[in-house]
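**Q** My structure is below; once you've seen it, I'll send some questions.
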8 protein chains.
Amino acid sequence: MSLNIYLAGQIHDDWRQQLKDRAAEKNLDIQFSGPQENHDLSDDIGENILGEQPNQKYRDDVGASVNNFRTDILMHKADAVIALFGESYKQWNTAMDAGIAIGLNKPLILIRPKKLIHPLKELSNKATVTVENIDQALEVLEYYFK
Amino acid sequence: MSLNIYLAGQIHDDWRQQLKDRAAEKNLDIQFSGPQENHDLSDDIGENILGEQPNQKYRDDVGASVNNFRTDILMHKADAVIALFGESYKQWNTAMDAGIAIGLNKPLILIRPKKLIHPLKELSNKATVTVENIDQALEVLEYYFK
Amino acid sequence: MSLNIYLAGQIHDDWRQQLKDRAAEKNLDIQFSGPQENHDLSDDIGENILGEQPNQKYRDDVGASVNNFRTDILMHKADAVIALFGESYKQWNTAMDAGIAIGLNKPLILIRPKKLIHPLKELSNKATVTVENIDQALEVLEYYFK
Amino acid sequence: MSLNIYLAGQIHDDWRQQLKDRAAEKNLDIQFSGPQENHDLSDDIGENILGEQPNQKYRDDVGASVNNFRTDILMHKADAVIALFGESYKQWNTAMDAGIAIGLNKPLILIRPKKLIHPLKELSNKATVTVENIDQALEVLEYYFK
Amino acid sequence: MSLNIYLAGQIHDDWRQQLKDRAAEKNLDIQFSGPQENHDLSDDIGENILGEQPNQKYRDDVGASVNNFRTDILMHKADAVIALFGESYKQWNTAMDAGIAIGLNKPLILIRPKKLIHPLKELSNKATVTVENIDQALEVLEYYFK
Amino acid sequence: MSLNIYLAGQIHDDWRQQLKDRAAEKNLDIQFSGPQENHDLSDDIGENILGEQPNQKYRDDVGASVNNFRTDILMHKADAVIALFGESYKQWNTAMDAGIAIGLNKPLILIRPKKLIHPLKELSNKATVTVENIDQALEVLEYYFK
Amino acid sequence: MSLNIYLAGQIHDDWRQQLKDRAAEKNLDIQFSGPQENHDLSDDIGENILGEQPNQKYRDDVGASVNNFRTDILMHKADAVIALFGESYKQWNTAMDAGIAIGLNKPLILIRPKKLIHPLKELSNKATVTVENIDQALEVLEYYFK
Amino acid sequence: MSLNIYLAGQIHDDWRQQLKDRAAEKNLDIQFSGPQENHDLSDDIGENILGEQPNQKYRDDVGASVNNFRTDILMHKADAVIALFGESYKQWNTAMDAGIAIGLNKPLILIRPKKLIHPLKELSNKATVTVENIDQALEVLEYYFK
């Protein structure tokens, strides 16, 4: 049976594309989704649609509302969630998305490098599986089909 | 009707005590809970109960499991959640707890200083109310009783 | 067994107080809640807490967020909801609150004067009971205790 | 992934058709549904099926029951709801449908012209996104596919 | 821990009072509820509150709406449901209430005399316990406290 | 969008086939299901699979368990339920199935001849639509597609 | 805030009493419940109430139905579940109760001696906390109050 | 309508293959899933992905996490669950999976040989159907399609 996986995490590099490419190489029947990866578009989308807002706070709030509409639907359709943490960025959206997945009882794979063991210990303990890199996450997905 | 509020956020200073003291001064009928505030106890509790683990990763995992048992019950009993973010620390547990509250449909007050508007915009947009400091959060709680 | 009833409807006259007084006269064991009835406070509460906002839209949005925090908790605690419609005002909050009660499967009493039969027909059909005035609503509550 | 959108709002002009046409122009993979747009049929359907009722109240009630059967199923199948308000009509069904969507945790786009900011402030605050016209709503839907 | 039990079944004799009396004799900490046992009041309550309706169908419908408001709340508060069937009356409300209890996942005791084994076989199979008389039902309740 | 309808009711005549035939004549995209209509098979299936049971009660119970497995899955897959009552038979399974549909929040059409108005008043009041015969039920289904 | 804990596990020795005694020594505000600990009563209760059944299978089934009624209510009221496994007995009820707790999202403490690590690895991984003995389980409960 | 069945039970012989083969012979439209049947792979998968762990306990825990990710998704997709018990092995995963199915309200077929009547009496009583062998389970599935 095919899988639908939501990829939570930062959008500053191409980790999602790497994951998708390797899944394709292995012919895994998986449909991936996730937050908007075009960073500028993600930041601008609120004002693109609703026009200039009076200050940065409200510019950000309208942008967030459009992004949340998109991701709420995608996470609801997902069979499981992968949340990747790295050593850069605040990554609070990643932690929030992982928390939502937990609250909704969606199976969750946490990708956590060794250096982040301590600050992510409660999240790791609540995740279904914790791995250290995207290759390992892909092996977990591959195992689903075995 | 009395309130039961879970206080998500870092445990490195006394912000919870400040909030509780001011609620007491105002005679608000609120019961507060939150993660373990004794930081050393929170880190050690797993090995205190289960003995030494083979490495830091598993030391952290057993500690997290005991903390999660405690906080799962407390958040389930709460009418609403307050999540406070500051400018220090990674605060991924705070973001995760806020996400769980969202997934469980618990009303959520986000305390977010102005400097953190951009990185917390999606979380703020999903929160029921966003304020900038604990006095304002307290005013929201006080309004509940009016 | 005691009842907890949320009173949805406009806040421009004292219909809630009338209902409460008559319930008290009948010694009914009911705890009532509802939206903030101090209209000015309800409109100002957002800026009272968060300071002046850049325009009317955002002044209203912050006020609404604080009101929604309060009413979300109260409706969640309620055993049932009464929604009163009259011939004045837009009353969209009343219809929204009634819709939320329906979505949450809370029993709902609709108070609807005869002139409003046609525009409220779908809502009336979804309500548990439809009556025409607050005395009749009170009789429904009284019947609960018989 | 395709979208299924329920369009709540008045049925007196062709706003739904406009939205559908523009979605078709953009080749968006969206299936739209909504209340019965044939107004006479919507009013008559109860008596068409069940015969003449003794008075207007019961004529309306049987009609509403058939409309509610239809819309309950359609809203249940929807991934998200759009609720449009204008300056005419009572629009209580629109507010009720938006409330049901909120109670069911369906993502909600509110279309609200500027003149209606104040009376719709609580509903806007609970909606996932608020926009001012159907073109903007369409841009939100379009963003889902990006 | 105390019990709250909803007693579904016909209202033509005093079986509920017998059950309550025996529970009181045994000092069981149980709060019982159920449909309105004053049959005339149950039939008349709709018109008592809303005035004469145009025909029997609508007289019955308004009465049913008030009874349903009352029983919806009571069943929601119950820890478990007892449904008693006898050899007289149609008892469709009893079967409907038992079905609602099943749909809501409430534990259900079915009281079914031997003559009714065949027509109640599917309901008996879905009930948590099936007994033949109210003394046996009381023994099941008594066992809860052991 | 296609419909999946569960047909609750007695299995002693061909009312389901009539309904299906007329839906086919109208080219309605509906998939129907319901309880086992082969009455002997329905009664015998438990012992057919599990062998002779020690008495009628247990013969009926094992048969009911197999029928319940089948109908639980079918009702869970259904978008809506039709429950038909007639003037013959006890029809407790029909009332139970209608109750389960109510407990699960499935839209429900009640088919109730005029003679049964009084004993089915609470069920009719909880149903989404009440009609008097299968042609009217079919018109409600047809309206879904308009 | 007080705790309500369901104690799943075998009923052949006094482990529950030991746990309760130590909780009492520590003045922990915990209410404990669990399956019937009087083994003979647990086996006989079905026939005690319903009379002799035709064979062992049905004797066991009626007994189980009464025990399930009791434990369903108790587990539903519990804030968390403790499941204890030992080296004797089949303990399938313990594993089933733990599974039900998982399906209902109740926090779960697994007490598992070292020799049982391998056969309980999936259950341990799904439990909130895994400990090796009842003293450790008590320390987890004690930590809740700190 | 096609069926999706999760097969809980031990993985030491080919009972699942037998069931699948007979379902194929009968042309039943059923998709089966279940735990990983390659026993060595199931035990090794954690360390295969995450590398050697410091001891057997943690080797087992990482393996279990990957198996639980796989089976959580599969059970969630299933319409019903079959749980087979035999006279060998501890089979605690089988009982846990059956418990999870019960907690999630999935219809459940228990396959239980006669010798295991007593220790599985509570589980049998909670299952939708209890049979003695896989041929009988297949007949229950076959009946779904009749």
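Naming scheme: A, B, ... for chains in displayed order of the structure tokens; residues 1 onward per chain; ligands 1 onward as shown.
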Kindly provide the residues of chain A that approach chain H to within 10 Å, each paired with its closest atom pair and their distance in Å to one decimal, based on only C-alpha atoms, listed by chain and increasing number, as a tab-separated table.

**A**
residue	atom	partner	partner_atom	distance
A:Met1	CA	H:Leu74	CA	8.5
A:Leu3	CA	H:Ile73	CA	8.9
A:Asp79	CA	H:Ile73	CA	6.6
A:Ala80	CA	H:Ile73	CA	7.6
A:Asn105	CA	H:Asp72	CA	9.9
A:Lys106	CA	H:Ile73	CA	8.5
A:Pro107	CA	H:Phe69	CA	6.2
A:Leu108	CA	H:Phe69	CA	7.8
A:Ile109	CA	H:Phe69	CA	8.2
A:Ala127	CA	H:Ser65	CA	9.0
A:Thr128	CA	H:Ser65	CA	5.9
A:Val129	CA	H:Ser65	CA	5.2
A:Thr130	CA	H:Ser65	CA	8.2
A:Val131	CA	H:Leu50	CA	6.7
A:Glu132	CA	H:Leu50	CA	7.8
A:Asn133	CA	H:Leu50	CA	9.6
A:Asp135	CA	H:Ile49	CA	8.8
A:Gln136	CA	H:Ile49	CA	5.7
A:Ala137	CA	H:Ile49	CA	8.6
A:Leu138	CA	H:Ile49	CA	9.5
A:Glu139	CA	H:Ile49	CA	6.7
A:Val140	CA	H:Val66	CA	6.4
A:Leu141	CA	H:Arg70	CA	8.1
A:Glu142	CA	H:Arg70	CA	9.7
A:Tyr143	CA	H:Arg70	CA	7.3
A:Tyr144	CA	H:Arg70	CA	5.0
A:Phe145	CA	H:Arg70	CA	8.5
A:Lys146	CA	H:Gln36	CA	7.4

**Q** Do you know which residues are at most 10 Å from Asn93 of chain B counting only C-alpha atoms, after dropping those on the same chain fewer than 2 positions away, and could you put them as a ChimeraX atom specification?

**A** /A:92,95-96,99,119-123 /B:8-10,35,83,90-91,95-99

**Q** Using N, CA, C and O atoms, can you export the residues from the last selection as a compact mmCIF listing (two decimals), in the first residue's frame?

**A**
# COMPACT_ATOMS: atom_id res chain seq x y z
N TRP A 92 11.75 26.12 15.01
CA TRP A 92 10.58 25.99 15.87
C TRP A 92 9.37 25.46 15.10
O TRP A 92 8.52 24.79 15.68
N ALA A 95 9.66 21.72 15.25
CA ALA A 95 9.23 21.16 16.54
C ALA A 95 7.71 21.28 16.70
O ALA A 95 7.06 20.37 17.23
N MET A 96 7.14 22.40 16.24
CA MET A 96 5.69 22.56 16.30
C MET A 96 5.00 21.50 15.43
O MET A 96 4.05 20.84 15.88
N GLY A 99 5.10 18.26 17.08
CA GLY A 99 4.12 18.26 18.17
C GLY A 99 2.70 18.05 17.66
O GLY A 99 1.93 17.28 18.24
N PRO A 119 18.96 18.30 23.68
CA PRO A 119 17.82 19.23 23.59
C PRO A 119 16.58 18.61 22.94
O PRO A 119 15.49 19.17 23.05
N LEU A 120 16.72 17.48 22.27
CA LEU A 120 15.56 16.86 21.62
C LEU A 120 15.14 15.58 22.32
O LEU A 120 14.44 14.74 21.73
N LYS A 121 15.55 15.39 23.57
CA LYS A 121 15.29 14.09 24.19
C LYS A 121 13.81 13.80 24.40
O LYS A 121 13.36 12.68 24.19
N GLU A 122 13.01 14.80 24.81
CA GLU A 122 11.58 14.53 25.01
C GLU A 122 10.88 14.27 23.66
O GLU A 122 10.02 13.40 23.55
N LEU A 123 11.26 15.03 22.66
CA LEU A 123 10.65 14.82 21.34
C LEU A 123 11.05 13.45 20.78
O LEU A 123 10.21 12.72 20.24
N ALA B 8 3.99 25.76 29.37
CA ALA B 8 5.10 25.24 28.58
C ALA B 8 6.16 26.32 28.45
O ALA B 8 5.84 27.50 28.32
N GLY B 9 7.43 25.91 28.44
CA GLY B 9 8.50 26.89 28.27
C GLY B 9 9.75 26.45 29.01
O GLY B 9 9.74 25.41 29.68
N GLN B 10 10.81 27.25 28.87
CA GLN B 10 12.09 26.87 29.49
C GLN B 10 11.96 26.89 31.02
O GLN B 10 11.05 27.51 31.56
N PRO B 35 6.17 21.49 33.07
CA PRO B 35 7.26 20.52 33.16
C PRO B 35 8.00 20.67 34.50
O PRO B 35 7.86 21.68 35.18
N ALA B 83 2.45 28.99 26.27
CA ALA B 83 3.80 28.65 25.82
C ALA B 83 4.62 29.93 25.76
O ALA B 83 4.28 30.85 25.00
N LYS B 90 17.29 26.64 23.12
CA LYS B 90 16.70 26.12 21.88
C LYS B 90 15.18 26.09 21.96
O LYS B 90 14.49 26.31 20.99
N GLN B 91 14.64 25.74 23.12
CA GLN B 91 13.19 25.81 23.36
C GLN B 91 12.37 24.93 22.43
O GLN B 91 11.25 25.26 22.05
N ALA B 95 8.14 24.48 21.76
CA ALA B 95 7.46 24.43 20.46
C ALA B 95 6.71 23.11 20.29
O ALA B 95 5.59 23.07 19.75
N MET B 96 7.32 22.02 20.77
CA MET B 96 6.64 20.72 20.68
C MET B 96 5.37 20.73 21.53
O MET B 96 4.30 20.30 21.08
N ASP B 97 5.46 21.21 22.77
CA ASP B 97 4.28 21.25 23.63
C ASP B 97 3.19 22.12 23.02
O ASP B 97 2.00 21.77 23.08
N ALA B 98 3.58 23.26 22.44
CA ALA B 98 2.58 24.10 21.78
C ALA B 98 1.94 23.34 20.62
O ALA B 98 0.72 23.40 20.41
N GLY B 99 2.75 22.59 19.87
CA GLY B 99 2.20 21.80 18.76
C GLY B 99 1.25 20.73 19.26
O GLY B 99 0.19 20.49 18.66

**Q** What is the distance between atom CA of Ile134 of chain A and atom CA of Arg16 of chain A, in Å to one decimal?

**A**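 Going from atom CA of Ile134 of chain A over to atom CA of Arg16 of chain A, I get 8.9 Å.
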
**Q** Quick one: pull the distance between atom CA of Tyr6 of chain C and atom CA of Val81 of chain C, Å, one decimal.

**A**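 Between atom CA of Tyr6 of chain C and atom CA of Val81 of chain C the gap is 4.7 Å.
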
**Q** Assign secondary structure with DSSP using the backbone only, and return the residues of segment 91-126 of chain G in helix (DSSP H, G or I) as a list in words.

**A** Trp92, Asn93, Thr94, Ala95, Met96, Asp97, Ala98, Gly99, Ile100, Ala101, Ile102, Gly103, Lys114, Lys115, Leu116, Lys121, Glu122, Leu123, Ser124, Asn125 and Lys126 of chain G
